[in-house]
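A.B. asks: Quick one: structure below, then a few questions.
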Amino acid sequence: MDDAEPDREDLVPVRDDFVAMSGYHSAQVDVDVRLNTNESPFPPPSSWLEELREGLDSIAWNRYPDRAATELRAAIAAFHGVDPRHVFAANGSNEVIQTLLLAYAGPRRTVLVFEPTYQLHAHIARITGATVQAVARADDFTLDPAAAGDAVGRFDPDVTFLCSPNNPTGMVEPPEVLDAVVARSRGLVVVDEAYAEFSNWTAIDRVADDSRVVVVRTFSKTWSMAGTRLGYAIAPSWVVEQIDKVVLPYHLDSAKQLAGRLALRHTSEMERRVSSLVEERGRIVAALADLGLEVYPSGANFVLFRVADDARVVWQRLVDDGVLIRDCSGWDRLDGCLRVTVGRPAENDRFLAAMTVALSTAVPT
Ligand SMILES: *Cc1c(COP(=O)(O)O)cnc(C)c1O
């Protein structure tokens with residue numbers, strides 16, 4: 001063998017448009033207090049787990065799952081008061097988004113995003129071969145309805161993404177923005193509502209067969225089920241028909257269909273978890289503001305804030321103190337920004353105490 005290792009990546013070149021692409025990264029560091037990925041700090045109700053254990057016994061494991069996930073779709077439809085023909089479910093809302101983009105984006109098509117926003121919208125769109133147009137939000141991360149409408153007019157996108165509340169800013173998109181985007185759109189308008197239950201507005205009542213609005217939801221956050229990988233869309237029935245063709249057959253396994261169906265029987269526990277997190281969110285926002293930091297208004301289960309010091313150093317000090325949050329300071333337009341997920345009261349106390357210590361010795365930027 002030669003002393004130089006062969007460059008194995010050259011054996012079979014990847015698609016040309018993948019060469020410069022990097023994957024999705026989020027640090028998974030082993031610390032006491034993990035407030036970095038917007039998961040729920042609470043497990044799902046123990047009664048749900050009991051029902052799931054029992055239900056697993058009656059699954060016919062030698063058979064393929066119900067391909068149409070009929071009962072799960074019916075349960076989701078009932079929860080939202082819509083017809084099951086408007087419901088599509090998949091392995092996390094990321095797979096919902098991927099399926100929508102496979103059907104409506106792809107080569108020679110355009111996807112519009114308003115940044116900063118959830119990076120996976122653009123990332124998955126590019127993987128389908130679509131062209132992504134990114135329009136900048138205002139300095140305070142709001143989106144002017146007229147500017148949003150103009151961007152749609154300029155790029156004529158096949159798919160436009162809104163995210164409400166927006167990740168990573170936490171800000172709720174006003175309905176006027178959706179109106180302005182829809183008014184100018186020829187393509188689909190997808191509203192990612194991964195955090196909608198933490199806010200006071202949803203676009204679900206805008207979904208109809210004579211509308212282009214699609215709302216995407218997930219069990220990962222409010223339902224305390226990030227480990228389940230289950231998400232869904234509420235969409236016009238003609239969209240559901242198309243994405244049903246695109247998704248792999250039997251993509252939702254029997255256990256997951258059951259887990260989701262049973263979760264929807266525990267709505268009041270979900271609402272209790274949400275209101276306790278909303279209350280804690282208020283406490284975190286107030287405490288960070290008291291520390292003199294710039295804090296963005298949040299309608300989600302996380303808070304984005306900006307430190308005057310070197311954000312990377314602050315982040316590392318928190319990690320050294322056993323608290324992991326998200327360092328967003330390297331992202332476009334988010335210099336100095338960190339994002340904390342709302343945890344249990346004791347975890348939030350740990351975070352706030354660690355922040356106070358981390359900021360007490362000034363770090364030059
Ligand atoms: C967390 C999050 C999701 C969730 O994705 P899943 O695949 O359902 O876990 C989707 N959209 C946004 C904006 C998120 O922050």
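Each chain of the structure tokens is named A, B, ... in the order shown, its residues numbered from 1; ligands are numbered from 1 in display order.
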Select the residues contacting ligand 1 at a distance of at most 6 Å, based on only C-alpha atoms and all ligand atoms, then format the selection as a ChimeraX atom specification.

C.D. replies: /A:92-94,118,167,192,194,218,220,226,229-231

A.B. asks: Emit the selected residues as a short mmCIF file (atom, residue, chain, number, x, y, z; two decimals), in the first residue's frame, including all heavy atoms.

C.D. replies:
```
data_model
loop_
_atom_site.label_atom_id
_atom_site.label_comp_id
_atom_site.auth_asym_id
_atom_site.auth_seq_id
_atom_site.Cartn_x
_atom_site.Cartn_y
_atom_site.Cartn_z
N GLY A 92 -41.81 12.46 12.36
CA GLY A 92 -41.35 13.79 12.74
C GLY A 92 -41.80 14.80 11.70
O GLY A 92 -42.05 14.46 10.53
N SER A 93 -41.93 16.06 12.14
CA SER A 93 -42.36 17.06 11.16
C SER A 93 -41.28 17.27 10.10
O SER A 93 -41.56 17.72 9.00
CB SER A 93 -42.74 18.37 11.84
OG SER A 93 -41.70 18.82 12.64
N ASN A 94 -40.04 16.90 10.42
CA ASN A 94 -38.99 17.00 9.39
C ASN A 94 -39.32 16.11 8.19
O ASN A 94 -39.09 16.49 7.05
CB ASN A 94 -37.63 16.62 9.97
CG ASN A 94 -37.08 17.72 10.86
OD1 ASN A 94 -37.43 18.88 10.72
ND2 ASN A 94 -36.23 17.34 11.79
N TYR A 118 -35.72 28.46 10.91
CA TYR A 118 -35.33 27.05 11.08
C TYR A 118 -34.51 26.60 9.87
O TYR A 118 -35.00 26.61 8.74
CB TYR A 118 -36.61 26.23 11.20
CG TYR A 118 -36.44 24.79 11.63
CD1 TYR A 118 -35.66 24.44 12.73
CD2 TYR A 118 -37.10 23.77 10.95
CE1 TYR A 118 -35.55 23.12 13.14
CE2 TYR A 118 -37.00 22.45 11.36
CZ TYR A 118 -36.23 22.13 12.44
OH TYR A 118 -36.12 20.82 12.84
N ASN A 167 -38.31 29.64 15.02
CA ASN A 167 -37.09 29.12 15.63
C ASN A 167 -35.94 29.64 14.76
O ASN A 167 -36.00 29.45 13.55
CB ASN A 167 -37.14 27.59 15.62
CG ASN A 167 -35.94 26.95 16.27
OD1 ASN A 167 -35.10 27.63 16.83
ND2 ASN A 167 -35.86 25.64 16.19
N ASP A 192 -44.75 26.32 9.65
CA ASP A 192 -44.22 25.35 10.61
C ASP A 192 -44.62 25.81 12.00
O ASP A 192 -44.15 26.83 12.50
CB ASP A 192 -42.69 25.28 10.46
CG ASP A 192 -42.06 24.20 11.33
OD1 ASP A 192 -42.66 23.82 12.35
OD2 ASP A 192 -40.96 23.75 10.98
N ALA A 194 -44.28 24.11 15.00
CA ALA A 194 -43.74 23.16 15.98
C ALA A 194 -44.01 23.62 17.42
O ALA A 194 -44.09 22.81 18.33
CB ALA A 194 -42.25 22.96 15.75
N THR A 218 -45.87 18.94 15.32
CA THR A 218 -45.04 17.83 15.77
C THR A 218 -45.44 17.36 17.17
O THR A 218 -45.98 18.13 17.95
CB THR A 218 -43.55 18.25 15.77
OG1 THR A 218 -42.76 17.15 16.25
CG2 THR A 218 -43.29 19.45 16.65
N SER A 220 -42.99 16.34 18.98
CA SER A 220 -41.69 16.38 19.64
C SER A 220 -41.61 17.36 20.81
O SER A 220 -40.83 17.15 21.74
CB SER A 220 -40.60 16.77 18.63
OG SER A 220 -40.45 15.78 17.65
N ALA A 226 -40.32 13.66 21.78
CA ALA A 226 -39.26 13.80 20.77
C ALA A 226 -38.68 12.44 20.39
O ALA A 226 -38.26 12.22 19.26
CB ALA A 226 -38.16 14.74 21.27
N ARG A 229 -40.56 10.44 17.30
CA ARG A 229 -40.44 10.87 15.92
C ARG A 229 -41.80 10.80 15.22
O ARG A 229 -42.08 9.92 14.41
CB ARG A 229 -39.41 10.03 15.14
CG ARG A 229 -38.03 9.94 15.76
CD ARG A 229 -37.39 11.29 16.03
NE ARG A 229 -37.20 12.06 14.82
CZ ARG A 229 -37.69 13.29 14.63
NH1 ARG A 229 -38.40 13.89 15.57
NH2 ARG A 229 -37.48 13.92 13.51
N LEU A 230 -42.66 11.73 15.54
CA LEU A 230 -43.98 11.79 14.92
C LEU A 230 -44.38 13.24 14.70
O LEU A 230 -44.30 14.07 15.62
CB LEU A 230 -45.02 11.08 15.82
CG LEU A 230 -46.45 10.99 15.29
CD1 LEU A 230 -46.52 10.23 13.97
CD2 LEU A 230 -47.35 10.30 16.32
N GLY A 231 -44.78 13.54 13.48
CA GLY A 231 -45.26 14.88 13.14
C GLY A 231 -46.38 14.76 12.13
O GLY A 231 -46.67 13.66 11.64
#
```

A.B. asks: Running DSSP on the backbone, which parts of segment 51-140 of chain A land in alpha helix (DSSP H), as a ChimeraX atom specification?

C.D. replies: /A:51-57,70-80,92-104,119-127

A.B. asks: Using only C-alpha atoms, determine which residues lie at most 10 Å from Leu252 of chain A, disregarding the query and same-chain residues fewer than 3 positions distant; provide the list as a ChimeraX atom specification.

C.D. replies: /A:64-69,89-91,229-230,248-249,255-257

A.B. asks: If you keep N, CA, C and O atoms, can you produce a file of those selected residues as a PDB file, in the first residue's frame?

C.D. replies:
```
ATOM      1  N   TYR A  64     -47.429  -5.842   8.268  1.00  0.00           N
ATOM      2  CA  TYR A  64     -47.139  -4.438   8.012  1.00  0.00           C
ATOM      3  C   TYR A  64     -48.150  -3.570   8.757  1.00  0.00           C
ATOM      4  O   TYR A  64     -49.292  -3.985   8.974  1.00  0.00           O
ATOM      5  N   PRO A  65     -47.730  -2.363   9.116  1.00  0.00           N
ATOM      6  CA  PRO A  65     -48.680  -1.465   9.802  1.00  0.00           C
ATOM      7  C   PRO A  65     -49.777  -0.990   8.850  1.00  0.00           C
ATOM      8  O   PRO A  65     -49.667  -1.145   7.640  1.00  0.00           O
ATOM      9  N   ASP A  66     -50.827  -0.419   9.417  1.00  0.00           N
ATOM     10  CA  ASP A  66     -51.880   0.208   8.611  1.00  0.00           C
ATOM     11  C   ASP A  66     -51.221   1.296   7.773  1.00  0.00           C
ATOM     12  O   ASP A  66     -50.732   2.292   8.307  1.00  0.00           O
ATOM     13  N   ARG A  67     -51.215   1.097   6.470  1.00  0.00           N
ATOM     14  CA  ARG A  67     -50.444   1.981   5.602  1.00  0.00           C
ATOM     15  C   ARG A  67     -50.963   3.416   5.658  1.00  0.00           C
ATOM     16  O   ARG A  67     -50.185   4.368   5.611  1.00  0.00           O
ATOM     17  N   ALA A  68     -52.263   3.572   5.759  1.00  0.00           N
ATOM     18  CA  ALA A  68     -52.854   4.916   5.760  1.00  0.00           C
ATOM     19  C   ALA A  68     -52.908   5.520   7.163  1.00  0.00           C
ATOM     20  O   ALA A  68     -53.341   6.654   7.316  1.00  0.00           O
ATOM     21  N   ALA A  69     -52.466   4.765   8.170  1.00  0.00           N
ATOM     22  CA  ALA A  69     -52.517   5.234   9.564  1.00  0.00           C
ATOM     23  C   ALA A  69     -53.898   5.832   9.874  1.00  0.00           C
ATOM     24  O   ALA A  69     -54.005   6.926  10.434  1.00  0.00           O
ATOM     25  N   ALA A  89     -49.543  12.243   8.290  1.00  0.00           N
ATOM     26  CA  ALA A  89     -48.601  12.055   9.401  1.00  0.00           C
ATOM     27  C   ALA A  89     -47.327  11.396   8.899  1.00  0.00           C
ATOM     28  O   ALA A  89     -47.345  10.647   7.919  1.00  0.00           O
ATOM     29  N   ALA A  90     -46.211  11.691   9.557  1.00  0.00           N
ATOM     30  CA  ALA A  90     -44.924  11.106   9.152  1.00  0.00           C
ATOM     31  C   ALA A  90     -43.972  11.062  10.344  1.00  0.00           C
ATOM     32  O   ALA A  90     -44.333  11.454  11.456  1.00  0.00           O
ATOM     33  N   ASN A  91     -42.747  10.576  10.078  1.00  0.00           N
ATOM     34  CA  ASN A  91     -41.751  10.387  11.145  1.00  0.00           C
ATOM     35  C   ASN A  91     -41.109  11.716  11.523  1.00  0.00           C
ATOM     36  O   ASN A  91     -40.019  12.056  11.082  1.00  0.00           O
ATOM     37  N   ARG A 229     -40.560  10.438  17.304  1.00  0.00           N
ATOM     38  CA  ARG A 229     -40.440  10.870  15.915  1.00  0.00           C
ATOM     39  C   ARG A 229     -41.798  10.802  15.221  1.00  0.00           C
ATOM     40  O   ARG A 229     -42.076   9.916  14.408  1.00  0.00           O
ATOM     41  N   LEU A 230     -42.663  11.731  15.544  1.00  0.00           N
ATOM     42  CA  LEU A 230     -43.978  11.789  14.925  1.00  0.00           C
ATOM     43  C   LEU A 230     -44.383  13.242  14.699  1.00  0.00           C
ATOM     44  O   LEU A 230     -44.296  14.071  15.615  1.00  0.00           O
ATOM     45  N   LEU A 248     -42.754   6.982   1.529  1.00  0.00           N
ATOM     46  CA  LEU A 248     -42.530   5.545   1.383  1.00  0.00           C
ATOM     47  C   LEU A 248     -43.711   4.773   1.964  1.00  0.00           C
ATOM     48  O   LEU A 248     -44.294   5.181   2.974  1.00  0.00           O
ATOM     49  N   PRO A 249     -44.065   3.655   1.348  1.00  0.00           N
ATOM     50  CA  PRO A 249     -45.172   2.853   1.876  1.00  0.00           C
ATOM     51  C   PRO A 249     -44.847   2.332   3.287  1.00  0.00           C
ATOM     52  O   PRO A 249     -43.700   1.997   3.567  1.00  0.00           O
ATOM     53  N   ALA A 255     -46.153   0.703  16.244  1.00  0.00           N
ATOM     54  CA  ALA A 255     -45.987   1.216  17.614  1.00  0.00           C
ATOM     55  C   ALA A 255     -46.148   2.733  17.639  1.00  0.00           C
ATOM     56  O   ALA A 255     -46.785   3.300  18.532  1.00  0.00           O
ATOM     57  N   LYS A 256     -45.594   3.378  16.640  1.00  0.00           N
ATOM     58  CA  LYS A 256     -45.669   4.838  16.584  1.00  0.00           C
ATOM     59  C   LYS A 256     -47.103   5.302  16.356  1.00  0.00           C
ATOM     60  O   LYS A 256     -47.556   6.275  16.960  1.00  0.00           O
ATOM     61  N   GLN A 257     -47.823   4.608  15.484  1.00  0.00           N
ATOM     62  CA  GLN A 257     -49.219   4.977  15.242  1.00  0.00           C
ATOM     63  C   GLN A 257     -50.010   4.888  16.541  1.00  0.00           C
ATOM     64  O   GLN A 257     -50.821   5.754  16.866  1.00  0.00           O
TER      65      GLN A 257
END
```

A.B. asks: So, counting only C-alpha atoms, which residue among A:Ser47, A:Thr99, A:Asn36, A:Ser199 is closest to Val278 of chain A?

C.D. replies: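 Nearest to Val278 of chain A: A:Ser199.
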
A.B. asks: Which residues come within 6 Å of Cys337 of chain A, counting only C-alpha atoms, excluding same-chain residues fewer than 2 positions away, as JSON, numbers by chain?

C.D. replies: {"A": [305, 306, 328, 329, 334, 335]}

A.B. asks: Find the residues near Val295 of chain A: any atom within 12 Å, counting only C-alpha atoms, skip ones fewer than 6 places away on the same chain, and give them as a list in words.

C.D. replies: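 That gives Asp140, Phe141, Thr169, Gly170, Met171, Arg281, Gly282, Ile284, Val285, Ala286, Ala287, Leu288, Ala289, Phe302, Val303, Leu304, Phe305, Arg306, Val307, Ala308, Gly336, Cys337, Leu338, Arg339 and Val340 of chain A.
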
A.B. asks: Excluding Thr267 of chain A and its own-chain neighbours fewer than 2 positions away, which residues fall within 12 Å of it when counting only C-alpha atoms? Please give them as an mmCIF file with all heavy atoms, in the first residue's frame.

C.D. replies:
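Okay, this is what ended up in around-v3.cif:
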```cif
data_model
loop_
_atom_site.group_PDB
_atom_site.id
_atom_site.type_symbol
_atom_site.label_atom_id
_atom_site.label_comp_id
_atom_site.auth_asym_id
_atom_site.auth_seq_id
_atom_site.Cartn_x
_atom_site.Cartn_y
_atom_site.Cartn_z
ATOM 1 N N PRO A 44 -43.801 12.057 29.099
ATOM 2 C CA PRO A 44 -45.253 11.977 28.892
ATOM 3 C C PRO A 44 -45.919 11.339 30.115
ATOM 4 O O PRO A 44 -45.227 10.730 30.939
ATOM 5 C CB PRO A 44 -45.393 11.079 27.663
ATOM 6 C CG PRO A 44 -44.029 10.736 27.190
ATOM 7 C CD PRO A 44 -43.035 11.182 28.212
ATOM 8 N N PRO A 45 -47.238 11.457 30.268
ATOM 9 C CA PRO A 45 -47.911 10.934 31.466
ATOM 10 C C PRO A 45 -47.701 9.424 31.637
ATOM 11 O O PRO A 45 -47.640 8.698 30.645
ATOM 12 C CB PRO A 45 -49.396 11.227 31.205
ATOM 13 C CG PRO A 45 -49.470 12.099 30.016
ATOM 14 C CD PRO A 45 -48.157 12.079 29.324
ATOM 15 N N TRP A 48 -50.196 7.233 29.971
ATOM 16 C CA TRP A 48 -49.950 7.017 28.531
ATOM 17 C C TRP A 48 -49.012 5.830 28.336
ATOM 18 O O TRP A 48 -49.251 4.958 27.499
ATOM 19 C CB TRP A 48 -49.339 8.279 27.914
ATOM 20 C CG TRP A 48 -48.806 8.099 26.516
ATOM 21 C CD1 TRP A 48 -49.535 8.112 25.367
ATOM 22 C CD2 TRP A 48 -47.445 7.871 26.125
ATOM 23 N NE1 TRP A 48 -48.707 7.910 24.282
ATOM 24 C CE2 TRP A 48 -47.419 7.759 24.714
ATOM 25 C CE3 TRP A 48 -46.241 7.752 26.839
ATOM 26 C CZ2 TRP A 48 -46.241 7.531 24.001
ATOM 27 C CZ3 TRP A 48 -45.075 7.530 26.120
ATOM 28 C CH2 TRP A 48 -45.075 7.419 24.725
ATOM 29 N N ALA A 75 -57.663 10.462 14.809
ATOM 30 C CA ALA A 75 -57.479 11.058 16.145
ATOM 31 C C ALA A 75 -56.909 12.480 16.027
ATOM 32 O O ALA A 75 -57.335 13.394 16.747
ATOM 33 C CB ALA A 75 -56.556 10.172 16.985
ATOM 34 N N ILE A 76 -55.951 12.671 15.129
ATOM 35 C CA ILE A 76 -55.384 14.014 14.927
ATOM 36 C C ILE A 76 -56.458 14.961 14.383
ATOM 37 O O ILE A 76 -56.582 16.109 14.825
ATOM 38 C CB ILE A 76 -54.167 13.950 13.967
ATOM 39 C CG1 ILE A 76 -53.018 13.164 14.611
ATOM 40 C CG2 ILE A 76 -53.712 15.358 13.581
ATOM 41 C CD1 ILE A 76 -51.875 12.810 13.660
ATOM 42 N N ALA A 78 -59.679 14.740 14.784
ATOM 43 C CA ALA A 78 -60.649 15.052 15.840
ATOM 44 C C ALA A 78 -60.070 16.094 16.794
ATOM 45 O O ALA A 78 -60.766 17.023 17.214
ATOM 46 C CB ALA A 78 -61.025 13.774 16.599
ATOM 47 N N PHE A 79 -58.782 15.963 17.114
ATOM 48 C CA PHE A 79 -58.129 16.906 18.026
ATOM 49 C C PHE A 79 -58.210 18.333 17.475
ATOM 50 O O PHE A 79 -58.413 19.290 18.219
ATOM 51 C CB PHE A 79 -56.669 16.478 18.231
ATOM 52 C CG PHE A 79 -55.848 17.428 19.052
ATOM 53 C CD1 PHE A 79 -56.152 17.645 20.393
ATOM 54 C CD2 PHE A 79 -54.767 18.095 18.494
ATOM 55 C CE1 PHE A 79 -55.388 18.520 21.158
ATOM 56 C CE2 PHE A 79 -54.006 18.967 19.252
ATOM 57 C CZ PHE A 79 -54.321 19.188 20.589
ATOM 58 N N HIS A 80 -58.072 18.469 16.150
ATOM 59 C CA HIS A 80 -58.088 19.809 15.551
ATOM 60 C C HIS A 80 -59.451 20.196 14.978
ATOM 61 O O HIS A 80 -59.597 21.297 14.445
ATOM 62 C CB HIS A 80 -57.035 19.905 14.441
ATOM 63 C CG HIS A 80 -55.637 19.954 14.969
ATOM 64 N ND1 HIS A 80 -55.170 20.999 15.746
ATOM 65 C CD2 HIS A 80 -54.613 19.088 14.863
ATOM 66 C CE1 HIS A 80 -53.912 20.763 16.070
ATOM 67 N NE2 HIS A 80 -53.544 19.609 15.558
ATOM 68 N N GLU A 197 -48.529 25.591 20.325
ATOM 69 C CA GLU A 197 -49.302 25.486 21.574
ATOM 70 C C GLU A 197 -48.764 26.412 22.656
ATOM 71 O O GLU A 197 -49.463 26.703 23.621
ATOM 72 C CB GLU A 197 -49.319 24.042 22.101
ATOM 73 C CG GLU A 197 -50.180 23.085 21.284
ATOM 74 C CD GLU A 197 -49.378 22.333 20.236
ATOM 75 O OE1 GLU A 197 -48.262 22.794 19.896
ATOM 76 O OE2 GLU A 197 -49.867 21.298 19.751
ATOM 77 N N PHE A 219 -45.156 16.096 17.448
ATOM 78 C CA PHE A 219 -45.316 15.567 18.807
ATOM 79 C C PHE A 219 -44.032 15.777 19.627
ATOM 80 O O PHE A 219 -43.979 15.414 20.788
ATOM 81 C CB PHE A 219 -45.649 14.067 18.768
ATOM 82 C CG PHE A 219 -47.087 13.772 18.447
ATOM 83 C CD1 PHE A 219 -47.565 13.842 17.144
ATOM 84 C CD2 PHE A 219 -47.984 13.430 19.458
ATOM 85 C CE1 PHE A 219 -48.900 13.581 16.847
ATOM 86 C CE2 PHE A 219 -49.316 13.164 19.173
ATOM 87 C CZ PHE A 219 -49.774 13.237 17.866
ATOM 88 N N THR A 222 -44.470 19.946 22.473
ATOM 89 C CA THR A 222 -45.555 20.034 23.462
ATOM 90 C C THR A 222 -46.003 18.678 23.981
ATOM 91 O O THR A 222 -46.456 18.573 25.113
ATOM 92 C CB THR A 222 -46.794 20.720 22.863
ATOM 93 O OG1 THR A 222 -46.941 20.281 21.528
ATOM 94 C CG2 THR A 222 -46.663 22.215 22.896
ATOM 95 N N TRP A 223 -45.894 17.635 23.134
ATOM 96 C CA TRP A 223 -46.394 16.320 23.555
ATOM 97 C C TRP A 223 -45.331 15.519 24.297
ATOM 98 O O TRP A 223 -45.558 14.347 24.636
ATOM 99 C CB TRP A 223 -46.920 15.540 22.348
ATOM 100 C CG TRP A 223 -48.164 16.150 21.786
ATOM 101 C CD1 TRP A 223 -48.255 16.997 20.728
ATOM 102 C CD2 TRP A 223 -49.503 15.987 22.285
ATOM 103 N NE1 TRP A 223 -49.564 17.357 20.528
ATOM 104 C CE2 TRP A 223 -50.350 16.763 21.461
ATOM 105 C CE3 TRP A 223 -50.077 15.261 23.340
ATOM 106 C CZ2 TRP A 223 -51.734 16.845 21.660
ATOM 107 C CZ3 TRP A 223 -51.446 15.332 23.541
ATOM 108 C CH2 TRP A 223 -52.257 16.119 22.710
ATOM 109 N N SER A 224 -44.165 16.096 24.535
ATOM 110 C CA SER A 224 -43.090 15.407 25.278
ATOM 111 C C SER A 224 -42.682 14.107 24.611
ATOM 112 O O SER A 224 -42.390 13.122 25.283
ATOM 113 C CB SER A 224 -43.542 15.097 26.722
ATOM 114 O OG SER A 224 -43.719 16.276 27.457
ATOM 115 N N GLY A 260 -48.979 7.742 19.121
ATOM 116 C CA GLY A 260 -49.573 9.031 18.797
ATOM 117 C C GLY A 260 -51.060 9.070 19.129
ATOM 118 O O GLY A 260 -51.564 10.046 19.693
ATOM 119 N N ARG A 261 -51.731 8.004 18.759
ATOM 120 C CA ARG A 261 -53.175 7.918 19.012
ATOM 121 C C ARG A 261 -53.467 8.020 20.514
ATOM 122 O O ARG A 261 -54.358 8.736 20.951
ATOM 123 C CB ARG A 261 -53.650 6.564 18.480
ATOM 124 C CG ARG A 261 -55.068 6.472 18.099
ATOM 125 C CD ARG A 261 -55.271 5.440 16.979
ATOM 126 N NE ARG A 261 -54.684 4.126 17.221
ATOM 127 C CZ ARG A 261 -55.143 3.239 18.094
ATOM 128 N NH1 ARG A 261 -56.168 3.529 18.864
ATOM 129 N NH2 ARG A 261 -54.571 2.053 18.225
ATOM 130 N N LEU A 262 -52.679 7.303 21.305
ATOM 131 C CA LEU A 262 -52.898 7.313 22.756
ATOM 132 C C LEU A 262 -52.548 8.669 23.362
ATOM 133 O O LEU A 262 -53.201 9.123 24.299
ATOM 134 C CB LEU A 262 -52.074 6.207 23.420
ATOM 135 C CG LEU A 262 -52.467 4.779 23.051
ATOM 136 C CD1 LEU A 262 -51.492 3.789 23.671
ATOM 137 C CD2 LEU A 262 -53.896 4.463 23.499
ATOM 138 N N ALA A 263 -51.522 9.318 22.825
ATOM 139 C CA ALA A 263 -51.119 10.616 23.377
ATOM 140 C C ALA A 263 -52.279 11.608 23.320
ATOM 141 O O ALA A 263 -52.474 12.410 24.237
ATOM 142 C CB ALA A 263 -49.918 11.163 22.600
ATOM 143 N N LEU A 264 -53.041 11.534 22.247
ATOM 144 C CA LEU A 264 -54.123 12.493 22.056
ATOM 145 C C LEU A 264 -55.265 12.309 23.051
ATOM 146 O O LEU A 264 -56.173 13.130 23.124
ATOM 147 C CB LEU A 264 -54.627 12.422 20.609
ATOM 148 C CG LEU A 264 -53.589 12.922 19.581
ATOM 149 C CD1 LEU A 264 -53.921 12.435 18.185
ATOM 150 C CD2 LEU A 264 -53.490 14.442 19.615
ATOM 151 N N ARG A 265 -55.210 11.228 23.831
ATOM 152 C CA ARG A 265 -56.185 11.054 24.913
ATOM 153 C C ARG A 265 -55.764 11.824 26.160
ATOM 154 O O ARG A 265 -56.458 11.815 27.169
ATOM 155 C CB ARG A 265 -56.277 9.568 25.304
ATOM 156 C CG ARG A 265 -56.865 8.678 24.259
ATOM 157 C CD ARG A 265 -57.053 7.330 24.921
ATOM 158 N NE ARG A 265 -57.408 6.305 23.955
ATOM 159 C CZ ARG A 265 -57.398 5.004 24.248
ATOM 160 N NH1 ARG A 265 -57.042 4.601 25.467
ATOM 161 N NH2 ARG A 265 -57.735 4.133 23.345
ATOM 162 N N GLU A 269 -53.280 16.909 30.242
ATOM 163 C CA GLU A 269 -51.919 16.869 30.801
ATOM 164 C C GLU A 269 -50.971 17.684 29.925
ATOM 165 O O GLU A 269 -50.090 18.385 30.428
ATOM 166 C CB GLU A 269 -51.392 15.433 30.888
ATOM 167 C CG GLU A 269 -52.031 14.582 31.969
ATOM 168 C CD GLU A 269 -53.113 13.681 31.403
ATOM 169 O OE1 GLU A 269 -53.882 14.153 30.519
ATOM 170 O OE2 GLU A 269 -53.201 12.520 31.849
ATOM 171 N N MET A 270 -51.165 17.578 28.609
ATOM 172 C CA MET A 270 -50.316 18.362 27.691
ATOM 173 C C MET A 270 -50.505 19.847 27.968
ATOM 174 O O MET A 270 -49.533 20.600 28.082
ATOM 175 C CB MET A 270 -50.685 18.020 26.241
ATOM 176 C CG MET A 270 -49.851 18.723 25.182
ATOM 177 S SD MET A 270 -50.473 20.342 24.738
ATOM 178 C CE MET A 270 -51.780 19.913 23.594
ATOM 179 N N GLU A 271 -51.755 20.248 28.110
ATOM 180 C CA GLU A 271 -52.013 21.678 28.331
ATOM 181 C C GLU A 271 -51.421 22.151 29.658
ATOM 182 O O GLU A 271 -50.933 23.271 29.765
ATOM 183 C CB GLU A 271 -53.524 21.949 28.260
ATOM 184 C CG GLU A 271 -54.008 21.948 26.804
ATOM 185 C CD GLU A 271 -55.509 21.805 26.646
ATOM 186 O OE1 GLU A 271 -56.216 21.610 27.679
ATOM 187 O OE2 GLU A 271 -55.982 21.880 25.490
ATOM 188 N N ARG A 272 -51.448 21.283 30.659
ATOM 189 C CA ARG A 272 -50.836 21.639 31.949
ATOM 190 C C ARG A 272 -49.327 21.827 31.813
ATOM 191 O O ARG A 272 -48.759 22.778 32.352
ATOM 192 C CB ARG A 272 -51.134 20.565 33.002
ATOM 193 C CG ARG A 272 -52.341 20.883 33.875
ATOM 194 C CD ARG A 272 -52.288 20.154 35.220
ATOM 195 N NE ARG A 272 -52.285 18.706 35.057
ATOM 196 C CZ ARG A 272 -53.376 17.978 34.784
ATOM 197 N NH1 ARG A 272 -54.547 18.565 34.626
ATOM 198 N NH2 ARG A 272 -53.301 16.675 34.668
ATOM 199 N N ARG A 273 -48.696 20.907 31.083
ATOM 200 C CA ARG A 273 -47.241 21.044 30.868
ATOM 201 C C ARG A 273 -46.940 22.344 30.137
ATOM 202 O O ARG A 273 -46.013 23.076 30.489
ATOM 203 C CB ARG A 273 -46.702 19.876 30.021
ATOM 204 C CG ARG A 273 -46.700 18.522 30.697
ATOM 205 C CD ARG A 273 -45.872 17.511 29.893
ATOM 206 N NE ARG A 273 -46.312 17.305 28.529
ATOM 207 C CZ ARG A 273 -47.199 16.387 28.139
ATOM 208 N NH1 ARG A 273 -47.765 15.582 29.028
ATOM 209 N NH2 ARG A 273 -47.534 16.258 26.860
ATOM 210 N N VAL A 274 -47.751 22.638 29.123
ATOM 211 C CA VAL A 274 -47.522 23.851 28.337
ATOM 212 C C VAL A 274 -47.659 25.085 29.224
ATOM 213 O O VAL A 274 -46.800 25.974 29.194
ATOM 214 C CB VAL A 274 -48.490 23.922 27.128
ATOM 215 C CG1 VAL A 274 -48.488 25.308 26.516
ATOM 216 C CG2 VAL A 274 -48.103 22.874 26.085
#
```

A.B. asks: What residues in segment 281-342 of chain A get the DSSP label strand (DSSP E or B)? Please answer as a ChimeraX atom specification.

C.D. replies: /A:294-295,302-306,323-324,326-327,337-341

A.B. asks: What's the separation between atom CA of Asp158 of chain A and atom CA of Gly106 of chain A, in Å to one decimal place?

C.D. replies: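 According to the coordinates, atom CA of Asp158 of chain A and atom CA of Gly106 of chain A are separated by 9.6 Å.
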
A.B. asks: Extract, using only C-alpha atoms, all DNA, RNA and protein residues at most 10 Å from Ser237 of chain A, discarding same-chain residues fewer than 4 positions from it, and format them as a PyMOL selection string.

C.D. replies: chain A and resi 83-88+207-210+241-243

A.B. asks: Of the residues A:Ser58, A:Thr117, A:Ser254, A:Gln98, which is the one nearest to Phe161 of chain A, using only C-alpha atoms?

C.D. replies: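 Looking at the shortest contact to Phe161 of chain A, the residue is A:Thr117.
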